[in-house]
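Pasted below: input-v1.txt, compact mmCIF, C-alpha atoms (C1' of nucleotides).
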```txt
# COMPACT_ATOMS: atom_id res chain seq x y z
CA MET A 1 94.10 70.75 99.72
CA LYS A 2 92.12 68.22 97.76
CA SER A 3 93.30 67.87 94.19
CA PHE A 4 91.02 68.31 91.22
CA ASP A 5 90.74 64.81 90.00
CA ARG A 6 89.11 63.54 86.87
CA PRO A 7 87.51 60.26 87.84
CA ALA A 8 84.75 58.45 86.02
CA LYS A 9 83.48 60.07 82.85
CA ILE A 10 79.86 60.96 83.26
CA PHE A 11 79.20 64.21 81.49
CA GLU A 12 79.74 64.73 77.81
CA ASN A 13 78.71 68.36 77.74
CA GLU A 14 77.26 69.48 81.02
CA GLU A 15 76.55 72.99 79.75
CA ALA A 16 73.37 71.52 78.32
CA LEU A 17 72.03 71.18 81.86
CA ARG A 18 72.73 74.73 82.97
CA ASP A 19 69.93 77.25 83.41
CA GLU A 20 71.33 79.54 80.77
CA TRP A 21 71.44 76.88 78.06
CA GLN A 22 69.02 77.82 75.34
CA PRO A 23 67.57 74.90 73.41
CA ASN A 24 66.93 75.57 69.74
CA GLU A 25 63.52 73.97 69.88
CA LEU A 26 60.82 73.84 72.48
CA LEU A 27 59.39 70.37 72.99
CA GLU A 28 55.87 69.48 74.04
CA ARG A 29 54.50 72.99 73.49
CA GLU A 30 53.10 72.78 69.97
CA ASN A 31 49.72 74.31 70.74
CA GLU A 32 51.18 77.20 72.68
CA LEU A 33 53.77 77.91 70.00
CA ASN A 34 51.13 77.89 67.29
CA ALA A 35 48.92 80.28 69.16
CA TYR A 36 51.85 82.52 69.93
CA HIS A 37 53.00 82.42 66.33
CA SER A 38 49.67 83.53 64.98
CA ALA A 39 49.40 86.28 67.58
CA LEU A 40 52.71 87.68 66.35
CA SER A 41 52.07 87.24 62.66
CA PRO A 42 50.42 90.64 62.01
CA VAL A 43 53.85 92.12 62.60
CA ILE A 44 55.29 90.62 59.45
CA ARG A 45 52.53 92.32 57.48
CA GLY A 46 53.59 95.61 58.97
CA ALA A 47 50.49 95.90 61.13
CA PRO A 48 50.70 97.10 64.72
CA PRO A 49 51.41 94.05 66.85
CA LYS A 50 48.71 92.67 69.06
CA ASN A 51 49.21 92.72 72.76
CA ILE A 52 49.82 89.27 74.11
CA PHE A 53 49.54 87.91 77.57
CA LEU A 54 51.24 84.65 78.52
CA TYR A 55 50.61 82.99 81.74
CA GLY A 56 51.81 79.85 83.46
CA LYS A 57 54.12 78.83 86.28
CA THR A 58 57.90 79.22 86.09
CA GLY A 59 59.79 76.72 83.98
CA VAL A 60 56.96 75.81 81.62
CA GLY A 61 58.47 77.38 78.52
CA LYS A 62 57.07 80.92 78.42
CA THR A 63 60.40 82.67 78.31
CA VAL A 64 62.05 80.19 75.95
CA ALA A 65 59.05 80.34 73.60
CA THR A 66 59.34 84.12 73.56
CA GLU A 67 63.06 84.07 72.84
CA LEU A 68 62.72 81.56 70.02
CA LEU A 69 59.77 83.27 68.35
CA LEU A 70 61.14 86.78 68.56
CA GLU A 71 64.48 85.66 67.19
CA GLN A 72 62.66 84.03 64.29
CA LEU A 73 60.43 87.04 63.78
CA GLU A 74 63.26 89.52 63.73
CA SER A 75 65.32 87.50 61.29
CA ASP A 76 62.31 86.95 59.02
CA ALA A 77 61.51 90.64 59.12
CA ASP A 78 65.02 91.40 57.87
CA ARG A 79 64.03 89.99 54.52
CA PHE A 80 61.59 92.83 53.93
CA ASP A 81 62.96 96.29 53.32
CA ASP A 82 59.86 98.07 54.55
CA LEU A 83 59.92 96.31 57.92
CA ASP A 84 61.85 97.47 60.93
CA VAL A 85 61.16 95.20 63.87
CA SER A 86 62.96 95.18 67.16
CA SER A 87 62.24 93.97 70.67
CA VAL A 88 63.18 94.75 74.23
CA THR A 89 62.93 92.30 77.07
CA LEU A 90 62.78 93.33 80.67
CA GLN A 91 62.96 91.02 83.65
CA CYS A 92 60.54 92.52 86.13
CA ASN A 93 61.76 90.16 88.80
CA SER A 94 62.26 92.61 91.62
CA LEU A 95 60.37 95.55 90.16
CA ASN A 96 57.19 96.09 92.05
CA SER A 97 55.78 99.26 90.62
CA SER A 98 55.02 100.74 87.23
CA TYR A 99 57.52 103.45 88.01
CA GLN A 100 60.35 100.96 88.40
CA VAL A 101 59.39 99.09 85.27
CA ALA A 102 59.45 102.39 83.39
CA THR A 103 62.88 103.45 84.66
CA HIS A 104 64.37 100.04 83.93
CA LEU A 105 62.86 100.04 80.46
CA VAL A 106 64.42 103.41 79.76
CA ASN A 107 67.79 102.09 80.90
CA GLU A 108 67.36 99.01 78.76
CA LEU A 109 66.82 101.22 75.72
CA ARG A 110 69.41 103.87 76.44
CA PRO A 111 73.07 103.51 75.63
CA SER A 112 74.54 102.05 78.80
CA ASP A 113 76.81 105.02 79.42
CA ARG A 114 74.00 107.36 80.40
CA PRO A 115 71.47 105.48 82.50
CA ILE A 116 68.88 107.32 84.55
CA SER A 117 68.44 106.94 88.28
CA THR A 118 65.68 104.61 89.38
CA THR A 119 64.31 107.05 91.94
CA GLY A 120 63.84 110.76 92.23
CA TYR A 121 62.02 111.70 89.03
CA PRO A 122 58.31 112.34 88.94
CA GLN A 123 56.54 109.47 87.21
CA GLN A 124 55.51 111.56 84.23
CA THR A 125 59.11 112.54 83.56
CA VAL A 126 60.13 108.91 83.39
CA PHE A 127 57.34 108.14 80.95
CA ASN A 128 58.52 111.01 78.79
CA PHE A 129 62.04 109.59 78.78
CA LEU A 130 60.51 106.32 77.70
CA TRP A 131 58.55 107.83 74.80
CA ASP A 132 61.67 109.63 73.62
CA GLU A 133 63.69 106.45 73.54
CA LEU A 134 60.99 104.46 71.77
CA GLU A 135 60.51 107.23 69.22
CA ARG A 136 64.23 107.20 68.56
CA ILE A 137 64.16 103.49 67.74
CA GLY A 138 61.06 103.73 65.56
CA GLY A 139 59.46 101.03 63.45
CA ILE A 140 57.76 98.23 65.29
CA VAL A 141 58.94 97.60 68.82
CA ILE A 142 57.81 94.63 70.85
CA ILE A 143 58.19 95.11 74.55
CA VAL A 144 58.44 91.93 76.57
CA LEU A 145 57.76 92.29 80.26
CA ASP A 146 58.77 89.04 81.92
CA GLU A 147 57.31 88.23 85.33
CA ILE A 148 55.20 91.33 85.12
CA ASP A 149 52.96 90.08 87.93
CA ASN A 150 55.49 91.52 90.36
CA ILE A 151 54.06 94.98 89.87
CA GLY A 152 50.87 93.88 91.58
CA THR A 153 48.00 96.30 91.24
CA ASP A 154 50.06 99.30 90.20
CA ASP A 155 49.47 98.77 86.49
CA ASP A 156 49.78 102.28 84.99
CA ILE A 157 52.56 101.21 82.68
CA LEU A 158 50.41 98.47 81.20
CA TYR A 159 47.81 101.06 80.39
CA GLU A 160 50.19 103.66 78.98
CA LEU A 161 52.33 101.44 76.77
CA PRO A 162 49.65 100.03 74.47
CA ARG A 163 48.02 103.44 74.17
CA ALA A 164 51.07 105.58 73.69
CA ARG A 165 50.37 106.01 70.01
CA ALA A 166 46.66 106.64 70.35
CA ASN A 167 47.38 109.23 73.01
CA GLY A 168 49.91 110.96 70.82
CA TYR A 169 52.94 110.36 73.02
CA VAL A 170 54.76 108.69 70.14
CA GLU A 171 54.34 108.91 66.37
CA ASN A 172 57.01 106.96 64.57
CA VAL A 173 56.83 103.76 66.50
CA LYS A 174 54.25 101.01 66.75
CA LEU A 175 54.29 99.27 70.11
CA GLY A 176 53.29 95.77 71.07
CA VAL A 177 53.38 94.49 74.59
CA VAL A 178 54.01 90.89 75.60
CA GLY A 179 53.24 90.39 79.27
CA ILE A 180 54.49 87.22 80.90
CA SER A 181 53.03 86.26 84.23
CA ASN A 182 53.56 83.44 86.69
CA ASP A 183 50.40 84.28 88.49
CA PHE A 184 47.05 83.30 87.03
CA GLU A 185 45.19 85.70 89.24
CA PHE A 186 47.24 88.65 88.11
CA ARG A 187 45.04 89.14 85.09
CA ASP A 188 41.91 89.24 87.20
CA ASN A 189 43.38 91.87 89.47
CA LEU A 190 44.27 94.25 86.66
CA SER A 191 42.19 97.35 86.43
CA PRO A 192 39.42 97.05 83.82
CA LYS A 193 40.92 99.64 81.51
CA VAL A 194 44.15 97.63 81.29
CA LYS A 195 42.36 94.33 80.73
CA ASP A 196 40.64 95.82 77.68
CA THR A 197 43.79 96.92 75.94
CA LEU A 198 46.43 94.49 77.05
CA CYS A 199 44.70 91.22 76.66
CA ASP A 200 44.05 90.92 72.92
CA ASP A 201 45.46 87.45 72.99
CA GLU A 202 46.04 85.18 75.93
CA ILE A 203 48.06 82.03 75.88
CA GLU A 204 48.14 79.68 78.78
CA PHE A 205 51.15 77.45 79.44
CA SER A 206 50.19 74.53 81.63
CA PRO A 207 52.69 72.75 83.89
CA TYR A 208 54.50 69.86 82.23
CA ASN A 209 53.31 66.42 83.23
CA ALA A 210 55.74 63.60 83.95
CA ASN A 211 55.67 62.26 80.38
CA GLU A 212 56.41 65.62 78.83
CA LEU A 213 59.24 66.16 81.29
CA GLN A 214 60.73 62.84 80.30
CA THR A 215 60.79 63.89 76.66
CA ILE A 216 62.55 67.11 77.59
CA LEU A 217 65.03 65.40 79.89
CA ASN A 218 65.82 62.76 77.30
CA GLN A 219 66.67 65.40 74.77
CA ARG A 220 68.96 67.28 77.17
CA ALA A 221 70.55 64.08 78.40
CA LYS A 222 71.58 63.18 74.86
CA PHE A 223 73.80 66.26 74.80
CA ALA A 224 74.83 66.28 78.40
CA PHE A 225 75.78 62.75 79.36
CA GLN A 226 78.05 60.09 77.99
CA PRO A 227 76.14 57.24 76.37
CA ASP A 228 74.72 54.61 78.75
CA VAL A 229 75.53 56.56 81.89
CA LEU A 230 71.94 56.94 83.05
CA THR A 231 70.14 53.91 84.38
CA CYS A 232 66.65 53.46 82.99
CA ASP A 233 64.86 54.75 86.09
CA THR A 234 66.85 57.96 86.45
CA ILE A 235 65.00 60.21 84.04
CA PRO A 236 61.53 58.93 84.95
CA LEU A 237 62.26 59.63 88.61
CA CYS A 238 63.53 63.15 87.95
CA ALA A 239 60.45 63.77 85.85
CA ALA A 240 58.18 62.40 88.55
CA PHE A 241 59.71 64.55 91.30
CA ALA A 242 59.43 67.71 89.24
CA ALA A 243 55.94 66.92 87.94
CA GLN A 244 54.70 66.36 91.46
CA ASP A 245 56.17 69.57 92.76
CA THR A 246 55.98 72.35 90.17
CA GLY A 247 55.77 70.83 86.72
CA SER A 248 58.78 72.91 85.84
CA ALA A 249 61.32 71.81 83.25
CA ARG A 250 63.96 73.92 84.96
CA GLN A 251 63.46 72.05 88.21
CA ALA A 252 63.61 68.67 86.47
CA ILE A 253 66.81 69.58 84.65
CA ARG A 254 68.49 70.91 87.78
CA LEU A 255 67.62 67.70 89.54
CA LEU A 256 69.11 65.59 86.78
CA TYR A 257 72.23 67.74 86.78
CA LYS A 258 72.65 67.44 90.52
CA ALA A 259 72.15 63.68 90.38
CA GLY A 260 74.98 63.51 87.85
CA GLU A 261 77.20 65.58 90.09
CA VAL A 262 76.50 63.39 93.09
CA ALA A 263 77.35 60.27 91.11
CA LEU A 264 80.54 61.93 89.97
CA GLU A 265 81.51 62.79 93.51
CA ARG A 266 81.03 59.19 94.54
CA GLY A 267 83.26 58.07 91.69
CA ASP A 268 80.41 56.07 90.21
CA GLU A 269 80.15 55.63 86.48
CA ARG A 270 76.39 55.37 86.36
CA VAL A 271 73.72 57.72 87.56
CA ASN A 272 70.98 55.71 89.22
CA GLU A 273 67.82 56.51 91.11
CA HIS A 274 69.55 56.68 94.50
CA TYR A 275 71.54 59.65 93.32
CA VAL A 276 68.35 61.30 92.15
CA ARG A 277 66.83 60.95 95.59
CA GLU A 278 69.96 62.26 97.19
CA ALA A 279 70.05 65.17 94.76
CA GLU A 280 66.44 65.96 95.51
CA ALA A 281 67.18 66.20 99.23
CA ILE A 282 70.24 68.37 98.63
CA LEU A 283 68.38 70.80 96.39
CA ARG A 284 65.49 71.08 98.80
CA ARG A 285 67.85 71.82 101.69
CA LYS A 286 69.75 74.37 99.63
CA GLN A 287 66.56 76.19 98.80
CA ILE A 288 65.60 76.39 102.43
CA GLU A 289 69.05 77.60 103.42
CA ARG A 290 68.86 80.30 100.80
CA GLY A 291 65.52 81.35 102.21
CA MET A 292 67.04 81.58 105.69
CA ARG A 293 69.99 83.70 104.66
CA ASN A 294 67.93 86.27 102.79
CA LEU A 295 66.01 87.47 105.82
CA THR A 296 66.06 90.81 107.58
CA THR A 297 67.40 90.97 111.12
CA HIS A 298 63.90 90.78 112.54
CA GLY A 299 63.19 87.77 110.35
CA HIS A 300 66.28 86.09 111.77
CA VAL A 301 65.22 86.80 115.31
CA VAL A 302 61.77 85.39 114.67
CA LEU A 303 63.40 82.27 113.26
CA SER A 304 65.67 82.02 116.30
CA ALA A 305 62.64 82.24 118.55
CA VAL A 306 60.91 79.39 116.74
CA THR A 307 64.14 77.38 116.85
CA ILE A 308 64.54 77.59 120.58
CA MET A 309 60.89 76.72 121.09
CA GLU A 310 61.37 73.71 118.88
CA MET A 311 64.30 72.59 121.03
CA GLN A 312 62.18 72.88 124.13
CA ASN A 313 59.49 70.81 122.39
CA ASN A 314 57.13 73.75 122.40
CA THR A 315 56.31 73.58 118.73
CA PRO A 316 54.15 73.76 116.76
CA ALA A 317 53.47 77.14 118.26
CA ARG A 318 51.09 79.92 117.38
CA THR A 319 51.87 83.58 116.91
CA ARG A 320 50.97 84.66 120.40
CA GLU A 321 53.30 82.04 121.87
CA ILE A 322 56.18 82.91 119.60
CA TYR A 323 55.84 86.64 120.11
CA PRO A 324 57.07 86.88 123.74
CA GLU A 325 60.05 84.70 122.90
CA TYR A 326 60.82 86.96 119.97
CA GLN A 327 60.55 90.07 122.17
CA ARG A 328 62.94 88.60 124.71
CA MET A 329 65.52 87.77 122.04
CA ALA A 330 65.22 91.09 120.27
CA LYS A 331 65.94 92.90 123.53
CA ALA A 332 68.89 90.59 124.16
CA ILE A 333 70.59 91.89 121.04
CA ASP A 334 69.49 95.46 121.60
CA LEU A 335 66.88 95.54 118.88
CA ASP A 336 63.56 97.34 119.27
CA PRO A 337 60.91 94.61 119.04
CA LEU A 338 58.28 95.03 116.37
CA VAL A 339 54.55 94.86 117.02
CA GLU A 340 52.76 91.56 116.88
CA ARG A 341 51.03 92.35 113.60
CA ARG A 342 54.39 92.60 111.94
CA ILE A 343 55.53 89.28 113.38
CA ARG A 344 52.51 87.70 111.77
CA ASP A 345 53.87 88.91 108.43
CA HIS A 346 57.36 87.65 109.17
CA LEU A 347 56.05 84.22 110.14
CA ARG A 348 54.01 84.16 106.98
CA GLU A 349 57.06 84.99 104.88
CA LEU A 350 59.10 82.32 106.61
CA SER A 351 56.55 79.70 105.72
CA LEU A 352 56.30 80.96 102.15
CA CYS A 353 59.99 80.24 101.58
CA SER A 354 59.57 76.82 103.26
CA VAL A 355 61.77 77.66 106.23
CA LEU A 356 58.83 77.11 108.54
CA GLU A 357 56.05 74.63 108.20
CA LEU A 358 52.59 75.94 108.76
CA LYS A 359 49.53 74.12 110.04
CA GLU A 360 46.11 75.63 109.78
CA HIS A 361 43.53 74.99 112.44
CA ASN A 362 39.85 75.56 112.09
CA ASP A 363 38.84 73.86 115.29
CA GLY A 364 40.01 76.60 117.57
CA TYR A 365 38.77 77.02 121.07
CA ARG A 366 36.91 80.32 121.33
CA GLU A 367 38.16 81.54 117.97
CA GLY A 368 38.13 81.08 114.22
CA SER A 369 41.02 79.63 112.26
CA TYR A 370 44.60 80.11 113.36
CA PHE A 371 48.07 78.94 112.37
CA GLU A 372 50.77 77.01 114.11
CA TYR A 373 54.39 77.08 113.05
CA GLN A 374 57.35 74.75 113.37
CA LEU A 375 60.71 74.32 111.69
CA ASN A 376 60.79 72.62 108.35
CA THR A 377 64.38 71.39 108.73
CA SER A 378 66.53 70.00 111.47
CA THR A 379 67.42 72.44 114.25
CA ASN A 380 71.08 71.83 113.45
CA THR A 381 70.74 73.12 109.91
CA VAL A 382 69.01 76.24 111.14
CA ILE A 383 71.54 76.91 113.88
CA ASN A 384 74.44 76.49 111.50
CA VAL A 385 73.01 79.12 109.20
CA LEU A 386 72.15 81.50 112.03
CA MET A 387 75.63 81.13 113.53
CA ASP A 388 77.04 82.78 110.42
CA ILE A 389 75.22 85.99 111.20
CA ASP A 390 77.28 88.11 113.57
CA ARG A 391 74.47 90.15 115.00
CA LEU A 392 72.72 87.03 116.25
CA MET A 393 75.70 85.63 118.15
CA PRO A 394 74.51 86.63 121.63
CA ILE A 395 71.28 84.67 121.23
CA VAL A 396 72.32 81.80 119.00
CA SER A 397 75.52 80.64 120.67
CA PRO A 398 73.83 79.99 124.04
CA ILE A 399 71.24 77.90 122.23
CA LYS A 400 73.95 75.97 120.51
CA SER A 401 75.99 75.25 123.61
CA LYS A 402 72.96 74.37 125.68
CA TYR A 403 71.37 71.96 123.27
CA GLY A 404 73.89 71.33 120.52
C1' DG B 405 19.98 83.57 118.01
C1' DA B 406 22.70 87.56 119.20
C1' DT B 407 27.06 88.60 120.88
C1' DC B 408 31.81 87.87 122.02
C1' DC B 409 36.60 86.30 121.47
C1' DA B 410 41.06 85.89 119.42
C1' DC B 411 43.00 85.28 115.47
C1' DA B 412 44.49 86.38 110.10
C1' DG B 413 45.30 89.70 107.09
C1' DG B 414 43.74 94.19 104.30
C1' DA B 415 44.30 99.21 104.01
C1' DA B 416 46.02 103.47 105.10
C1' DA B 417 49.23 106.26 107.62
C1' DT B 418 53.96 107.08 109.05
C1' DA B 419 59.13 107.02 109.46
C1' DG B 420 63.37 106.93 107.41
C1' DT B 421 66.40 106.79 103.27
C1' DG B 422 68.21 108.53 99.16
C1' DG B 423 67.93 110.70 94.47
C1' DC B 424 66.16 114.52 91.63
C1' DT B 425 65.63 119.64 90.13
C1' DT B 426 66.09 124.41 90.96
C1' DA C 427 69.94 123.82 100.70
C1' DA C 428 64.94 123.33 100.00
C1' DG C 429 61.30 121.04 98.24
C1' DC C 430 59.94 117.20 95.54
C1' DC C 431 59.58 112.30 94.55
C1' DA C 432 59.44 107.21 95.26
C1' DC C 433 60.84 103.13 98.00
C1' DT C 434 60.92 99.91 101.95
C1' DA C 435 59.69 98.57 106.43
C1' DT C 436 56.72 99.40 109.87
C1' DT C 437 52.61 100.83 112.83
C1' DT C 438 47.84 101.65 113.46
C1' DC C 439 43.34 100.69 112.63
C1' DC C 440 39.98 97.80 111.04
C1' DT C 441 37.13 93.88 108.89
C1' DG C 442 36.02 89.09 108.49
C1' DT C 443 35.76 84.54 110.43
C1' DG C 444 33.80 80.61 113.06
C1' DG C 445 33.10 78.40 117.19
C1' DA C 446 31.99 79.54 122.21
C1' DT C 447 29.10 81.77 125.37
C1' DC C 448 25.20 83.87 127.22
```
Using the file provided, produce a representation of the structure as structure tokens.
Amino acid sequence: MKSFDRPAKIFENEEALRDEWQPNELLERENELNAYHSALSPVIRGAPPKNIFLYGKTGVGKTVATELLLEQLESDADRFDDLDVSSVTLQCNSLNSSYQVATHLVNELRPSDRPISTTGYPQQTVFNFLWDELERIGGIVIIVLDEIDNIGTDDDILYELPRARANGYVENVKLGVVGISNDFEFRDNLSPKVKDTLCDDEIEFSPYNANELQTILNQRAKFAFQPDVLTCDTIPLCAAFAAQDTGSARQAIRLLYKAGEVALERGDERVNEHYVREAEAILRRKQIERGMRNLTTHGHVVLSAVTIMEMQNNTPARTREIYPEYQRMAKAIDLDPLVERRIRDHLRELSLCSVLELKEHNDGYREGSYFEYQLNTSTNTVINVLMDIDRLMPIVSPIKSKYG
DNA sequence: GATCCACAGGAAATAGTGGCTT
DNA sequence: AAGCCACTATTTCCTGTGGATC
């Protein structure tokens, strides 16, 4: 067993690079913070809060801005006896209906020893639970729905919440909704009645550019690294990678963190640009591997089919070429093959999580546009991941022994 | 120029699962 | 246990597209 050594000192306080680290100020977002601040300010006067809609990609400061401002607001409100302000935040990450948002909100508000089940009740019952809980809290309650775009077009909850008081469902509580969305189009797809009520104030968070990312990274690096550990091109390169890809501060910070770890592993005392490039490749591969592991069985079989076609140099391949290969493999492991339409969806999902690379063609022979798929990583990486899945053994191990 | 082909993907229907109330 | 309720994954049916074909 390798011992836990303590070689070169690189990190001073690496916690500052973790996702859960909460900075006590938000850099490069003055305009957004000002707008947000004034949208919340009616609350301190005891007025019903406005409904606020934030949108922008992940990692551009929406959630941090909300945490900082609400913390400030609640502590400022404490100074006034006639003000009773509280807030609830719900991550709507994997909640794709109003019903689920409602049940999870109820559970967020209830004492944790008597949660309700997230299925089984009629929708109206769940809403009634929700009104009861909110009424119990009273005062002004700000409800933050993070990543609310996951609920798609089922937006009942966004209609009911802002109107609960007007409709007489609650009396003693004033509700404000803060909706946070990663998806710019989400707002357009809301039903008109929701758009009216929910979108009093809209604040857009744009992606960070490379300069802004550098400012942010510099500030984190001051806490995180020993002095003079970073070479002068390290932070600019991290910033450039992240700015090019998503403009996300989270991505930039993860990259910097990883680069530090790679340097540490090599026993180097400085973090230079080579480690950044290496870290970038590692993170990209990790993301793809994660995508591959989180598939359903059918997804795995589709991936296996593309893999074997790639090894036979038959890629890029289109759906109709992949489908027979998929059918053959599914039967080989005693799985009822799905219809072709469904395979289209699976292939689409695989390219969305960057496991497959997709090429669009508009120059088709006797047809309109169509797609071709191929692997986005080396066949070895894919096979290694697929080998870990027991069910796939009968189809993957022959591939491995034949070509590996 | 109308019609056809083969594809992508939307929409609605269906199957199967599991929790709820009565 | 019966009758609801909602969810996920899937199937079935259908529309739109853009070049090829007649």
Selection near stretch 406-420 of chain B, 12 Å with only C-alpha atoms (C1' of nucleotides), sequence-local residues under 4 positions removed, as number ranges by chain = A: 318-320, 340-345, 347-348, 360-362, 364-372; C: 433-448
query = Could you state the separation of atom CA of A:Ile333 and atom CA of A:Val355 in Å, given to one decimal place?
reply =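 Pair atom CA of A:Ile333 / atom CA of A:Val355 returns 22.4 Å.
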Any chance you could work out the axis-aligned box around stretch 71-75 of chain A, listed atoms only, 3 Å on each side, giving centre and edge lengths in Å to one decimal, as JSON?
```
{"center_x": 62.9, "center_y": 86.8, "center_z": 64.2, "size_x": 10.9, "size_y": 11.5, "size_z": 11.9}
```
query = Which polymer residues have any atom within 12 Å of an atom of A:Ala263, counting all atoms listed in the file, with same-chain residues fewer than 4 positions away left out, as a ChimeraX atom specification?
reply = /A:7-11,229-231,234,256-259,267-279
Gap from atom CA of A:Pro162 to atom C1' of B:DC424 - Å, one decimal =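 Interatomic distance, atom CA of A:Pro162 to atom C1' of B:DC424: 27.9 Å.
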